[in-house]
>>> print(open('input.cif').read())   # mmCIF, C-alpha atoms
data_run
#
loop_
_atom_site.group_PDB
_atom_site.id
_atom_site.type_symbol
_atom_site.label_atom_id
_atom_site.label_comp_id
_atom_site.auth_asym_id
_atom_site.auth_seq_id
_atom_site.Cartn_x
_atom_site.Cartn_y
_atom_site.Cartn_z
ATOM 1 C CA MET Y 30 -30.965 -40.807 123.940
ATOM 2 C CA ALA Y 31 -31.146 -42.913 120.790
ATOM 3 C CA ALA Y 32 -29.039 -41.998 117.785
ATOM 4 C CA THR Y 33 -30.722 -41.026 114.532
ATOM 5 C CA ALA Y 34 -29.249 -40.589 111.058
ATOM 6 C CA THR Y 35 -29.412 -36.818 111.366
ATOM 7 C CA GLU Y 36 -28.669 -36.454 115.095
ATOM 8 C CA PRO Y 37 -25.773 -38.705 116.099
ATOM 9 C CA LEU Y 38 -25.384 -39.712 119.713
ATOM 10 C CA ARG Y 39 -22.166 -38.357 121.216
ATOM 11 C CA THR Y 40 -20.248 -40.781 123.392
ATOM 12 C CA GLY Y 41 -16.563 -41.508 123.938
ATOM 13 C CA VAL Y 42 -13.829 -44.137 123.774
ATOM 14 C CA LEU Y 43 -11.104 -43.720 126.407
ATOM 15 C CA GLY Y 44 -12.308 -40.165 126.855
ATOM 16 C CA VAL Y 45 -12.052 -39.319 123.146
ATOM 17 C CA PRO Y 46 -15.410 -38.276 121.599
ATOM 18 C CA VAL Y 47 -17.045 -40.415 118.933
ATOM 19 C CA SER Y 48 -20.433 -40.209 117.221
ATOM 20 C CA VAL Y 49 -22.891 -43.090 117.041
ATOM 21 C CA CYS Y 50 -25.363 -42.976 114.163
ATOM 22 C CA PRO Y 51 -27.073 -45.473 111.834
ATOM 23 C CA ASP Y 52 -25.583 -44.010 108.647
ATOM 24 C CA VAL Y 53 -22.537 -41.735 108.547
ATOM 25 C CA PHE Y 54 -23.288 -40.550 105.007
ATOM 26 C CA ASP Y 55 -26.757 -39.357 106.010
ATOM 27 C CA ALA Y 56 -25.261 -37.739 109.112
ATOM 28 C CA ALA Y 57 -22.684 -35.919 106.954
ATOM 29 C CA LEU Y 58 -25.379 -34.620 104.577
ATOM 30 C CA ALA Y 59 -27.449 -33.431 107.526
ATOM 31 C CA LEU Y 60 -24.375 -31.654 108.898
ATOM 32 C CA HIS Y 61 -23.901 -29.918 105.551
ATOM 33 C CA GLN Y 62 -27.516 -28.757 105.639
ATOM 34 C CA ARG Y 63 -26.934 -27.295 109.103
ATOM 35 C CA GLY Y 64 -24.066 -25.184 107.787
ATOM 36 C CA GLY Y 65 -21.228 -27.677 107.847
ATOM 37 C CA GLY Y 66 -18.439 -28.593 110.214
ATOM 38 C CA GLN Y 67 -15.426 -30.814 110.707
ATOM 39 C CA ILE Y 68 -15.583 -34.589 110.253
ATOM 40 C CA VAL Y 69 -12.966 -36.776 111.957
ATOM 41 C CA THR Y 70 -12.367 -40.456 111.217
ATOM 42 C CA LEU Y 71 -11.371 -42.119 114.492
ATOM 43 C CA ASN Y 72 -9.386 -45.331 114.869
ATOM 44 C CA ALA Y 73 -7.453 -46.878 117.745
ATOM 45 C CA GLU Y 74 -4.141 -45.322 116.738
ATOM 46 C CA MET Y 75 -5.661 -41.836 116.590
ATOM 47 C CA THR Y 76 -7.438 -42.381 119.897
ATOM 48 C CA MET Y 77 -4.149 -43.080 121.666
ATOM 49 C CA ALA Y 78 -2.471 -40.168 119.858
ATOM 50 C CA ALA Y 79 -5.270 -37.847 120.995
ATOM 51 C CA LYS Y 80 -4.746 -38.859 124.625
ATOM 52 C CA ALA Y 81 -1.057 -37.902 124.319
ATOM 53 C CA ASP Y 82 -1.487 -34.774 122.144
ATOM 54 C CA PRO Y 83 -3.754 -32.049 123.575
ATOM 55 C CA ALA Y 84 -3.940 -30.242 120.219
ATOM 56 C CA LEU Y 85 -5.233 -33.346 118.447
ATOM 57 C CA GLY Y 86 -7.553 -34.151 121.343
ATOM 58 C CA GLY Y 87 -8.950 -30.637 121.194
ATOM 59 C CA ALA Y 88 -9.506 -30.834 117.442
ATOM 60 C CA ILE Y 89 -11.417 -34.100 117.796
ATOM 61 C CA ALA Y 90 -13.480 -32.731 120.676
ATOM 62 C CA ALA Y 91 -14.396 -29.671 118.569
ATOM 63 C CA ALA Y 92 -15.371 -31.716 115.495
ATOM 64 C CA ALA Y 93 -19.045 -31.884 114.601
ATOM 65 C CA LEU Y 94 -18.964 -35.537 113.517
ATOM 66 C CA VAL Y 95 -16.465 -38.209 114.636
ATOM 67 C CA ILE Y 96 -17.051 -41.474 112.798
ATOM 68 C CA PRO Y 97 -15.822 -44.920 113.956
ATOM 69 C CA ASP Y 98 -13.288 -45.591 111.222
ATOM 70 C CA GLY Y 99 -11.329 -48.369 112.915
ATOM 71 C CA ALA Y 100 -12.292 -51.860 114.065
ATOM 72 C CA GLY Y 101 -10.831 -51.127 117.494
ATOM 73 C CA VAL Y 102 -13.165 -48.188 118.034
ATOM 74 C CA VAL Y 103 -16.147 -50.281 116.897
ATOM 75 C CA TRP Y 104 -15.094 -53.031 119.355
ATOM 76 C CA ALA Y 105 -14.739 -50.523 122.203
ATOM 77 C CA LEU Y 106 -18.179 -49.070 121.437
ATOM 78 C CA GLY Y 107 -19.604 -52.611 121.404
ATOM 79 C CA ARG Y 108 -18.308 -53.133 124.944
ATOM 80 C CA GLN Y 109 -20.375 -50.093 125.922
ATOM 81 C CA GLY Y 110 -23.486 -51.594 124.339
ATOM 82 C CA TYR Y 111 -23.423 -49.623 121.087
ATOM 83 C CA ARG Y 112 -23.831 -51.730 117.948
ATOM 84 C CA VAL Y 113 -22.303 -49.755 115.130
ATOM 85 C CA ARG Y 114 -20.739 -50.599 111.785
ATOM 86 C CA ARG Y 115 -17.177 -49.700 110.975
ATOM 87 C CA SER Y 116 -17.294 -46.690 108.658
ATOM 88 C CA PRO Y 117 -14.011 -46.293 106.741
ATOM 89 C CA GLY Y 118 -13.285 -42.634 106.124
ATOM 90 C CA ILE Y 119 -12.040 -43.347 102.598
ATOM 91 C CA GLU Y 120 -15.482 -44.709 101.690
ATOM 92 C CA LEU Y 121 -17.400 -41.802 103.236
ATOM 93 C CA ALA Y 122 -15.130 -39.298 101.469
ATOM 94 C CA ARG Y 123 -15.621 -41.013 98.121
ATOM 95 C CA ASP Y 124 -19.401 -41.096 98.595
ATOM 96 C CA LEU Y 125 -19.324 -37.381 99.394
ATOM 97 C CA LEU Y 126 -17.295 -36.686 96.240
ATOM 98 C CA ALA Y 127 -19.846 -38.572 94.134
ATOM 99 C CA HIS Y 128 -22.661 -36.657 95.817
ATOM 100 C CA ALA Y 129 -20.807 -33.388 95.243
ATOM 101 C CA ALA Y 130 -20.459 -34.151 91.527
ATOM 102 C CA ALA Y 131 -24.171 -34.963 91.253
ATOM 103 C CA GLN Y 132 -25.351 -31.934 93.236
ATOM 104 C CA GLY Y 133 -22.970 -29.292 91.895
ATOM 105 C CA TRP Y 134 -21.146 -28.821 95.166
ATOM 106 C CA LYS Y 135 -17.916 -26.828 95.185
ATOM 107 C CA VAL Y 136 -15.003 -29.047 96.220
ATOM 108 C CA ALA Y 137 -11.462 -28.310 97.431
ATOM 109 C CA LEU Y 138 -8.624 -30.812 97.789
ATOM 110 C CA VAL Y 139 -5.561 -30.097 99.929
ATOM 111 C CA GLY Y 140 -2.591 -32.369 100.611
ATOM 112 C CA ALA Y 141 -0.439 -35.208 99.316
ATOM 113 C CA SER Y 142 2.573 -34.700 97.035
ATOM 114 C CA PRO Y 143 2.516 -32.551 93.872
ATOM 115 C CA ALA Y 144 2.664 -35.679 91.666
ATOM 116 C CA VAL Y 145 -0.175 -37.386 93.543
ATOM 117 C CA MET Y 146 -2.333 -34.250 93.399
ATOM 118 C CA ASP Y 147 -1.817 -34.018 89.630
ATOM 119 C CA GLN Y 148 -2.785 -37.671 89.106
ATOM 120 C CA LEU Y 149 -5.688 -37.374 91.517
ATOM 121 C CA THR Y 150 -7.277 -34.372 89.847
ATOM 122 C CA GLN Y 151 -6.954 -35.984 86.413
ATOM 123 C CA ARG Y 152 -8.578 -39.195 87.631
ATOM 124 C CA LEU Y 153 -11.393 -37.486 89.503
ATOM 125 C CA ARG Y 154 -12.273 -35.296 86.527
ATOM 126 C CA ARG Y 155 -12.417 -38.431 84.389
ATOM 127 C CA GLU Y 156 -14.360 -40.568 86.868
ATOM 128 C CA LEU Y 157 -16.681 -37.817 88.174
ATOM 129 C CA PRO Y 158 -17.298 -35.511 85.171
ATOM 130 C CA GLY Y 159 -19.602 -33.177 87.087
ATOM 131 C CA LEU Y 160 -17.107 -32.540 89.883
ATOM 132 C CA GLN Y 161 -16.544 -28.812 90.451
ATOM 133 C CA LEU Y 162 -13.026 -28.419 91.830
ATOM 134 C CA VAL Y 163 -12.634 -24.838 93.006
ATOM 135 C CA LEU Y 164 -9.194 -25.325 94.596
ATOM 136 C CA THR Y 165 -6.507 -28.022 94.562
ATOM 137 C CA ALA Y 166 -3.226 -27.652 96.437
ATOM 138 C CA HIS Y 167 -0.562 -30.193 97.310
ATOM 139 C CA GLY Y 168 0.645 -30.489 100.886
ATOM 140 C CA TYR Y 169 4.286 -29.553 100.295
ATOM 141 C CA GLN Y 170 3.759 -25.795 100.182
ATOM 142 C CA PRO Y 171 6.483 -23.591 101.713
ATOM 143 C CA PRO Y 172 5.479 -22.084 105.099
ATOM 144 C CA GLU Y 173 4.977 -18.625 103.612
ATOM 145 C CA ALA Y 174 2.431 -19.973 101.087
ATOM 146 C CA TRP Y 175 -0.068 -21.346 103.608
ATOM 147 C CA PRO Y 176 -1.701 -18.089 104.796
ATOM 148 C CA GLY Y 177 -2.545 -17.120 101.214
ATOM 149 C CA LEU Y 178 -3.798 -20.611 100.436
ATOM 150 C CA GLU Y 179 -6.028 -20.527 103.505
ATOM 151 C CA GLN Y 180 -7.523 -17.196 102.438
ATOM 152 C CA GLN Y 181 -8.205 -18.564 98.933
ATOM 153 C CA LEU Y 182 -9.882 -21.565 100.471
ATOM 154 C CA LEU Y 183 -12.169 -19.524 102.687
ATOM 155 C CA ALA Y 184 -12.996 -17.144 99.823
ATOM 156 C CA ALA Y 185 -14.027 -20.075 97.595
ATOM 157 C CA ARG Y 186 -16.679 -21.116 100.168
ATOM 158 C CA PRO Y 187 -16.505 -24.807 99.237
ATOM 159 C CA ASP Y 188 -19.188 -27.311 100.165
ATOM 160 C CA LEU Y 189 -16.615 -30.052 100.707
ATOM 161 C CA VAL Y 190 -12.929 -29.842 101.650
ATOM 162 C CA LEU Y 191 -10.862 -33.034 101.787
ATOM 163 C CA VAL Y 192 -7.495 -32.687 103.485
ATOM 164 C CA ALA Y 193 -4.689 -35.258 103.177
ATOM 165 C CA LEU Y 194 -1.950 -33.918 105.438
ATOM 166 C CA GLY Y 195 -1.728 -36.901 107.782
ATOM 167 C CA VAL Y 196 -2.677 -37.195 111.457
ATOM 168 C CA PRO Y 197 -2.537 -34.978 113.487
ATOM 169 C CA ARG Y 198 -1.731 -32.137 111.102
ATOM 170 C CA GLN Y 199 -4.871 -32.424 108.982
ATOM 171 C CA GLU Y 200 -7.164 -32.386 112.028
ATOM 172 C CA THR Y 201 -5.452 -29.475 113.763
ATOM 173 C CA TRP Y 202 -5.153 -27.503 110.511
ATOM 174 C CA ILE Y 203 -8.888 -27.834 109.863
ATOM 175 C CA GLN Y 204 -9.729 -26.969 113.450
ATOM 176 C CA GLN Y 205 -8.015 -23.578 113.223
ATOM 177 C CA PHE Y 206 -10.838 -22.345 110.966
ATOM 178 C CA PRO Y 207 -13.830 -22.509 113.379
ATOM 179 C CA GLY Y 208 -16.430 -19.824 112.770
ATOM 180 C CA ARG Y 209 -14.880 -18.905 109.403
ATOM 181 C CA ARG Y 210 -15.481 -22.030 107.373
ATOM 182 C CA CYS Y 211 -18.592 -23.377 105.678
ATOM 183 C CA GLY Y 212 -19.283 -26.812 104.238
ATOM 184 C CA LEU Y 213 -17.827 -30.150 105.284
ATOM 185 C CA TRP Y 214 -14.122 -30.380 106.131
ATOM 186 C CA MET Y 215 -12.629 -33.833 106.499
ATOM 187 C CA GLY Y 216 -9.153 -35.273 107.001
ATOM 188 C CA VAL Y 217 -8.618 -38.244 104.693
ATOM 189 C CA GLY Y 218 -5.084 -39.447 105.450
ATOM 190 C CA GLY Y 219 -3.714 -41.538 102.582
ATOM 191 C CA SER Y 220 -6.926 -41.593 100.537
ATOM 192 C CA PHE Y 221 -5.493 -39.338 97.824
ATOM 193 C CA ASP Y 222 -2.658 -41.839 97.226
ATOM 194 C CA VAL Y 223 -5.184 -44.662 96.811
ATOM 195 C CA TRP Y 224 -7.510 -42.695 94.526
ATOM 196 C CA ALA Y 225 -4.569 -41.539 92.414
ATOM 197 C CA GLY Y 226 -3.473 -45.151 91.953
ATOM 198 C CA VAL Y 227 -0.157 -44.683 93.761
ATOM 199 C CA LYS Y 228 -1.075 -47.044 96.600
ATOM 200 C CA LYS Y 229 -3.559 -49.868 96.911
ATOM 201 C CA ARG Y 230 -6.159 -50.302 99.602
ATOM 202 C CA ALA Y 231 -6.239 -53.554 101.539
ATOM 203 C CA PRO Y 232 -8.239 -56.358 99.857
ATOM 204 C CA ALA Y 233 -11.883 -56.639 100.914
ATOM 205 C CA TRP Y 234 -11.253 -59.944 102.713
ATOM 206 C CA MET Y 235 -8.706 -58.242 104.991
ATOM 207 C CA GLY Y 236 -11.247 -55.553 105.746
ATOM 208 C CA ALA Y 237 -13.830 -58.222 106.589
ATOM 209 C CA LEU Y 238 -11.348 -59.833 109.002
ATOM 210 C CA GLN Y 239 -10.533 -56.384 110.402
ATOM 211 C CA ILE Y 240 -6.812 -56.700 109.644
ATOM 212 C CA GLU Y 241 -6.359 -53.806 107.236
ATOM 213 C CA TRP Y 242 -3.724 -52.541 109.676
ATOM 214 C CA LEU Y 243 -1.563 -55.532 108.725
ATOM 215 C CA TYR Y 244 -1.775 -54.645 105.028
ATOM 216 C CA ARG Y 245 -0.725 -51.067 105.768
ATOM 217 C CA LEU Y 246 2.169 -52.337 107.860
ATOM 218 C CA LEU Y 247 3.346 -54.597 105.035
ATOM 219 C CA GLN Y 248 3.184 -51.647 102.619
ATOM 220 C CA GLU Y 249 4.925 -49.294 105.048
ATOM 221 C CA PRO Y 250 7.142 -51.250 107.496
ATOM 222 C CA ALA Y 251 8.232 -47.958 109.080
ATOM 223 C CA ARG Y 252 4.747 -47.776 110.641
ATOM 224 C CA TRP Y 253 5.595 -50.536 113.147
ATOM 225 C CA ARG Y 254 6.290 -48.103 115.992
ATOM 226 C CA ARG Y 255 2.904 -46.477 115.490
ATOM 227 C CA MET Y 256 1.260 -49.899 115.462
ATOM 228 C CA LEU Y 257 2.392 -50.446 119.050
ATOM 229 C CA SER Y 258 -0.508 -48.214 120.020
ATOM 230 C CA LEU Y 259 -2.974 -50.956 118.997
ATOM 231 C CA PRO Y 260 -2.267 -53.402 121.862
ATOM 232 C CA ALA Y 261 -1.975 -50.410 124.214
ATOM 233 C CA PHE Y 262 -5.450 -49.295 123.091
ATOM 234 C CA ALA Y 263 -6.940 -52.774 123.610
ATOM 235 C CA TRP Y 264 -5.407 -53.059 127.078
ATOM 236 C CA ALA Y 265 -6.684 -49.611 128.071
ATOM 237 C CA VAL Y 266 -10.231 -50.483 126.929
ATOM 238 C CA LEU Y 267 -10.158 -53.809 128.818
ATOM 239 C CA ARG Y 268 -8.882 -52.123 131.962
ATOM 240 C CA GLN Y 269 -11.707 -49.627 131.734
ATOM 241 C CA GLY Y 270 -14.141 -52.521 132.016
#
>>> encode(input="input.cif", output="structure tokens")
Amino acid sequence: MAATATEPLRTGVLGVPVSVCPDVFDAALALHQRGGGQIVTLNAEMTMAAKADPALGGAIAAAALVIPDGAGVVWALGRQGYRVRRSPGIELARDLLAHAAAQGWKVALVGASPAVMDQLTQRLRRELPGLQLVLTAHGYQPPEAWPGLEQQLLAARPDLVLVALGVPRQETWIQQFPGRRCGLWMGVGGSFDVWAGVKKRAPAWMGALQIEWLYRLLQEPARWRRMLSLPAFAWAVLRQG
């Protein structure tokens, strides 16, 4: 079956589901029209984490749209004969925010630190004047606050929910809402930090060379253990043939 913009083809990388479609933005809008669902941004590191963590693997499997966020996933799909473009989640999320502002969508933001959330909301209101933020909540809530926050979120019936709680927490937290949520729900990792101006995204030339991972490692040296999953991913794909 061929993939279309509105009906992505479902395939897999190392047994982890991924969607193949010509345009992830069009696919996301079509998903919203169908009632919404969870969007996951898959890279090599997350793929290996999903194989080791059943909860994360289950959340990805249950997601309505899994986009190829990382160069490794695009490479693995290419070995299967699928020619797809890398679709960074930070870019899709920003495009959806712009669309939300233009169309009057209700938007909720959850995650990051209190300071980042404050800076983020100020910037977004300045850069996207039409943005309708119905709920904003930082990710450092005490355990007893989350049930109430979740009820507020569901009651707001947002069209778009962006969640920056880190992998795997953001994916598994979103997945707990099946059947009760509407709109698009998407984990965005460190995107809030970038949009708030706290961190910088890798330069475009590093993205073109597919070495954004190196920029992140230089910014956060403590990530080196997690980066060991990259050669493990490549070896697993090569062994698969």
>>> residues_near_point(input="input.cif", point="(0.2, -42.2, 122.0)", cutoff="10 Å", atoms="only C-alpha atoms", output="ChimeraX atom specification")
/Y:73-82,255,257-259,261-262
>>> closest_atom_pairs(input="input.cif", of="region 159-222 of chain Y", to="region 50-64 of chain Y", cutoff="9 Å", atoms="only C-alpha atoms", output="JSON lines")
{"residue": "Y:Asp188", "atom": "CA", "partner": "Y:His61", "partner_atom": "CA", "distance": 7.6}
{"residue": "Y:Leu189", "atom": "CA", "partner": "Y:His61", "partner_atom": "CA", "distance": 8.8}
{"residue": "Y:Cys211", "atom": "CA", "partner": "Y:Gly64", "partner_atom": "CA", "distance": 6.1}
{"residue": "Y:Gly212", "atom": "CA", "partner": "Y:His61", "partner_atom": "CA", "distance": 5.7}
{"residue": "Y:Leu213", "atom": "CA", "partner": "Y:His61", "partner_atom": "CA", "distance": 6.1}
>>> resolve_selection(input="input.cif", expression="the PyMOL selection byres ((chain Y and resi 70) around 8)", output="number ranges by chain")
Y: 68-69, 71-72, 95-98, 117-118, 216-217
>>> residues_around(input="input.cif", residues="Trp224 (chain Y)", least_positions_apart="2", cutoff="10 Å", atoms="only C-alpha atoms", output="tab-separated table (two decimals) with C-alpha atoms, keeping the file's coordinate frame")
chain	number	residue	atom	x	y	z
Y	119	ILE	CA	-12.04	-43.35	102.60
Y	123	ARG	CA	-15.62	-41.01	98.12
Y	145	VAL	CA	-0.18	-37.39	93.54
Y	146	MET	CA	-2.33	-34.25	93.40
Y	148	GLN	CA	-2.78	-37.67	89.11
Y	149	LEU	CA	-5.69	-37.37	91.52
Y	150	THR	CA	-7.28	-34.37	89.85
Y	152	ARG	CA	-8.58	-39.20	87.63
Y	153	LEU	CA	-11.39	-37.49	89.50
Y	219	GLY	CA	-3.71	-41.54	102.58
Y	220	SER	CA	-6.93	-41.59	100.54
Y	221	PHE	CA	-5.49	-39.34	97.82
Y	222	ASP	CA	-2.66	-41.84	97.23
Y	226	GLY	CA	-3.47	-45.15	91.95
Y	227	VAL	CA	-0.16	-44.68	93.76
Y	228	LYS	CA	-1.08	-47.04	96.60
Y	229	LYS	CA	-3.56	-49.87	96.91
Y	230	ARG	CA	-6.16	-50.30	99.60
>>> resolve_selection(input="input.cif", expression="the PyMOL selection byres ((chain Y and resi 43) around 8)", output="PyMOL selection string")
chain Y and resi 41-42+44-45+76+265-266+269
>>> residues_near_point(input="input.cif", point="(-14.8, -28.7, 114.4)", cutoff="9 Å", atoms="only C-alpha atoms", output="NGL selection string")
:Y and (66-69 or 88-94 or 200 or 203-207 or 214)
